[in-house]
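Some notes on the structure that comes next.
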Amino acid sequence: MEGELGFMSKSKILRISLKRTIAPYLALRASADRLFDRIESSQSKEAVIDFSGIETITRSFAHQYALRKQSSQKSISEARVPSSIKSVMVLSAKPVHMATVACRAVKPMQLLL
C-alpha cells in the first residue's frame with residue numbers, strides 16, 4: 001500500500017526506501033518479488049527505488065530485481081545506490097552464456113574423477 005513502510009507517493013511518482021521496506025541486507029529473491037508486486041499494484045506509473053542505507057545485496061536479490069524491472073510496465077529508476085551495491089547489480093544483470101555455465105559445471109566434476 002502506498003504511504004506505508006517506506007512507500008511514498010507524491011504526485012504520480014512512487015518513492016520506495018528499501019531499507020525501510022525490506023531491510024539494510026537484501027538477500028532473497030522473494031523479497032524482490034514482493035517489492036515488485038507492490039510496485040505493480042500501485043496506481044503510479046513511475047517508481048524511484050532509494051538504496052540509501054543498504055549495506056549488502058546478494059546476487060540472487062540483484063538478479064531477481066533486474067528480471068522484474070526489465071519485465072515491468074512501470075518506469076523504475078534507482079536513487080542513492082552505494083558503489084558496492086551498484087557493482088553487484090551490474091554483474092547480476094549481465095546475461096550468462098550457457099557455454100560459460102557448462103565450463104564452470106565441468107571443472108569441479110573433473111576434479112572428482
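For the C-alpha cells, the naming scheme is as follows: chains receive sequential letters (A, B, ...) according to their order of presentation, residues are indexed from 1 within each chain, and ligands are indexed from 1 in presentation order.
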Just want the 9 Å neighbourhood of range 41-47 of chain A, counted on only C-alpha atoms, with same-chain residues fewer than 2 positions away dropped. Output as a list in words.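 Neighbouring residues, sequence-local ones excluded: Met1, Glu2, Ser9, Ser11, Lys12, Ile13, Leu14, Arg15, Ile16, Phe36, Asp37, Arg38, Ile39, Ile49, Gln73, Lys74, Ser75, Ile76, Ser77 and Glu78 of chain A.
Across the model, the gap from CA of Gln64 in chain A to CA of Ala30 in chain A is 8.4 Å.
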Going by DSSP on the backbone, which bits of range 6-108 of chain A are alpha helix (DSSP H)? Write them as a PyMOL selection string, please. chain A and resi 18-21+29-41+59-71+83-93+98-108
Can you write just those residues out, N, CA and C atoms, as a short mmCIF file (atom, residue, chain, number, x, y, z; two decimals), in the first residue's frame?
```cif
data_model
loop_
_atom_site.label_atom_id
_atom_site.label_comp_id
_atom_site.auth_asym_id
_atom_site.auth_seq_id
_atom_site.Cartn_x
_atom_site.Cartn_y
_atom_site.Cartn_z
N LEU A 18 14.24 1.12 0.32
CA LEU A 18 14.45 -0.31 0.52
C LEU A 18 14.82 -0.64 1.96
N LYS A 19 15.57 0.23 2.59
CA LYS A 19 15.97 -0.01 3.98
C LYS A 19 14.74 -0.08 4.87
N ARG A 20 13.80 0.80 4.67
CA ARG A 20 12.57 0.81 5.49
C ARG A 20 11.58 -0.26 5.05
N THR A 21 11.55 -0.56 3.77
CA THR A 21 10.58 -1.51 3.24
C THR A 21 11.00 -2.96 3.44
N ARG A 29 15.29 -13.65 -3.27
CA ARG A 29 14.53 -13.39 -4.49
C ARG A 29 13.08 -13.06 -4.15
N ALA A 30 12.55 -13.72 -3.15
CA ALA A 30 11.16 -13.47 -2.75
C ALA A 30 10.96 -12.03 -2.28
N SER A 31 11.97 -11.44 -1.67
CA SER A 31 11.87 -10.04 -1.24
C SER A 31 11.78 -9.12 -2.45
N ALA A 32 12.55 -9.41 -3.48
CA ALA A 32 12.48 -8.62 -4.72
C ALA A 32 11.11 -8.80 -5.37
N ASP A 33 10.60 -10.02 -5.35
CA ASP A 33 9.27 -10.27 -5.92
C ASP A 33 8.19 -9.50 -5.18
N ARG A 34 8.23 -9.52 -3.84
CA ARG A 34 7.23 -8.77 -3.06
C ARG A 34 7.32 -7.28 -3.35
N LEU A 35 8.54 -6.76 -3.46
CA LEU A 35 8.73 -5.35 -3.79
C LEU A 35 8.07 -5.02 -5.11
N PHE A 36 8.35 -5.81 -6.13
CA PHE A 36 7.78 -5.51 -7.45
C PHE A 36 6.29 -5.80 -7.53
N ASP A 37 5.79 -6.74 -6.76
CA ASP A 37 4.35 -6.96 -6.72
C ASP A 37 3.64 -5.71 -6.20
N ARG A 38 4.23 -5.08 -5.19
CA ARG A 38 3.64 -3.85 -4.64
C ARG A 38 3.77 -2.69 -5.61
N ILE A 39 4.89 -2.62 -6.31
CA ILE A 39 5.07 -1.56 -7.31
C ILE A 39 4.04 -1.73 -8.42
N GLU A 40 3.90 -2.95 -8.91
CA GLU A 40 2.96 -3.22 -10.00
C GLU A 40 1.51 -2.95 -9.59
N SER A 41 1.18 -3.16 -8.33
CA SER A 41 -0.20 -2.93 -7.89
C SER A 41 -0.49 -1.46 -7.60
N ARG A 59 23.59 -11.71 -5.00
CA ARG A 59 23.39 -11.80 -6.45
C ARG A 59 21.98 -12.30 -6.75
N SER A 60 21.43 -13.13 -5.87
CA SER A 60 20.07 -13.64 -6.08
C SER A 60 19.06 -12.50 -6.07
N PHE A 61 19.14 -11.63 -5.05
CA PHE A 61 18.23 -10.49 -4.99
C PHE A 61 18.44 -9.58 -6.19
N ALA A 62 19.70 -9.26 -6.49
CA ALA A 62 20.01 -8.35 -7.59
C ALA A 62 19.53 -8.91 -8.93
N HIS A 63 19.68 -10.20 -9.14
CA HIS A 63 19.24 -10.82 -10.39
C HIS A 63 17.73 -10.78 -10.52
N GLN A 64 17.02 -11.12 -9.45
CA GLN A 64 15.56 -11.09 -9.50
C GLN A 64 15.06 -9.65 -9.67
N TYR A 65 15.72 -8.70 -9.02
CA TYR A 65 15.38 -7.28 -9.16
C TYR A 65 15.51 -6.88 -10.64
N ALA A 66 16.63 -7.27 -11.27
CA ALA A 66 16.85 -6.92 -12.68
C ALA A 66 15.80 -7.56 -13.60
N LEU A 67 15.46 -8.83 -13.34
CA LEU A 67 14.45 -9.51 -14.15
C LEU A 67 13.09 -8.83 -14.03
N ARG A 68 12.70 -8.53 -12.80
CA ARG A 68 11.39 -7.91 -12.59
C ARG A 68 11.35 -6.49 -13.14
N LYS A 69 12.45 -5.76 -13.00
CA LYS A 69 12.49 -4.39 -13.53
C LYS A 69 12.37 -4.42 -15.05
N GLN A 70 13.06 -5.35 -15.68
CA GLN A 70 13.04 -5.46 -17.13
C GLN A 70 11.64 -5.80 -17.65
N SER A 71 10.90 -6.61 -16.92
CA SER A 71 9.57 -7.02 -17.38
C SER A 71 8.45 -6.08 -16.92
N SER A 83 28.22 2.39 -4.21
CA SER A 83 29.02 1.80 -5.29
C SER A 83 29.18 0.28 -5.14
N SER A 84 29.29 -0.21 -3.92
CA SER A 84 29.42 -1.66 -3.72
C SER A 84 28.15 -2.40 -4.15
N ILE A 85 27.01 -1.79 -3.90
CA ILE A 85 25.73 -2.39 -4.30
C ILE A 85 25.58 -2.32 -5.81
N LYS A 86 25.97 -1.18 -6.38
CA LYS A 86 25.86 -0.99 -7.83
C LYS A 86 26.68 -2.03 -8.59
N SER A 87 27.86 -2.34 -8.10
CA SER A 87 28.70 -3.32 -8.80
C SER A 87 28.06 -4.71 -8.82
N VAL A 88 27.43 -5.11 -7.74
CA VAL A 88 26.74 -6.41 -7.70
C VAL A 88 25.55 -6.39 -8.65
N MET A 89 24.83 -5.27 -8.68
CA MET A 89 23.66 -5.17 -9.56
C MET A 89 24.07 -5.24 -11.03
N VAL A 90 25.17 -4.59 -11.38
CA VAL A 90 25.65 -4.61 -12.76
C VAL A 90 26.05 -6.04 -13.16
N LEU A 91 26.80 -6.72 -12.29
CA LEU A 91 27.21 -8.09 -12.58
C LEU A 91 26.01 -9.03 -12.70
N SER A 92 25.03 -8.85 -11.84
CA SER A 92 23.87 -9.75 -11.82
C SER A 92 22.95 -9.52 -13.01
N ALA A 93 22.99 -8.34 -13.59
CA ALA A 93 22.10 -8.03 -14.72
C ALA A 93 22.65 -8.54 -16.04
N MET A 98 25.48 -19.90 -21.81
CA MET A 98 25.39 -21.30 -21.42
C MET A 98 26.74 -22.00 -21.51
N ALA A 99 27.59 -21.63 -22.45
CA ALA A 99 28.91 -22.25 -22.56
C ALA A 99 29.73 -21.98 -21.31
N THR A 100 29.59 -20.78 -20.75
CA THR A 100 30.30 -20.44 -19.52
C THR A 100 29.79 -21.28 -18.36
N VAL A 101 28.48 -21.44 -18.28
CA VAL A 101 27.89 -22.25 -17.21
C VAL A 101 28.35 -23.69 -17.34
N ALA A 102 28.36 -24.21 -18.56
CA ALA A 102 28.79 -25.60 -18.78
C ALA A 102 30.25 -25.79 -18.38
N CYS A 103 31.10 -24.83 -18.72
CA CYS A 103 32.52 -24.95 -18.35
C CYS A 103 32.69 -24.91 -16.84
N ARG A 104 31.95 -24.07 -16.18
CA ARG A 104 32.06 -23.98 -14.73
C ARG A 104 31.57 -25.27 -14.08
N ALA A 105 30.56 -25.89 -14.68
CA ALA A 105 30.00 -27.12 -14.11
C ALA A 105 30.94 -28.30 -14.36
N VAL A 106 31.68 -28.28 -15.44
CA VAL A 106 32.53 -29.42 -15.77
C VAL A 106 33.78 -29.46 -14.91
N LYS A 107 34.38 -28.34 -14.63
CA LYS A 107 35.63 -28.32 -13.89
C LYS A 107 35.56 -29.02 -12.53
N PRO A 108 34.56 -28.75 -11.69
CA PRO A 108 34.51 -29.48 -10.42
C PRO A 108 34.34 -30.99 -10.62
#
```
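The interatomic distance for the pair CA of Val48 in chain A and CA of Ser72 in chain A works out to 13.3 Å.
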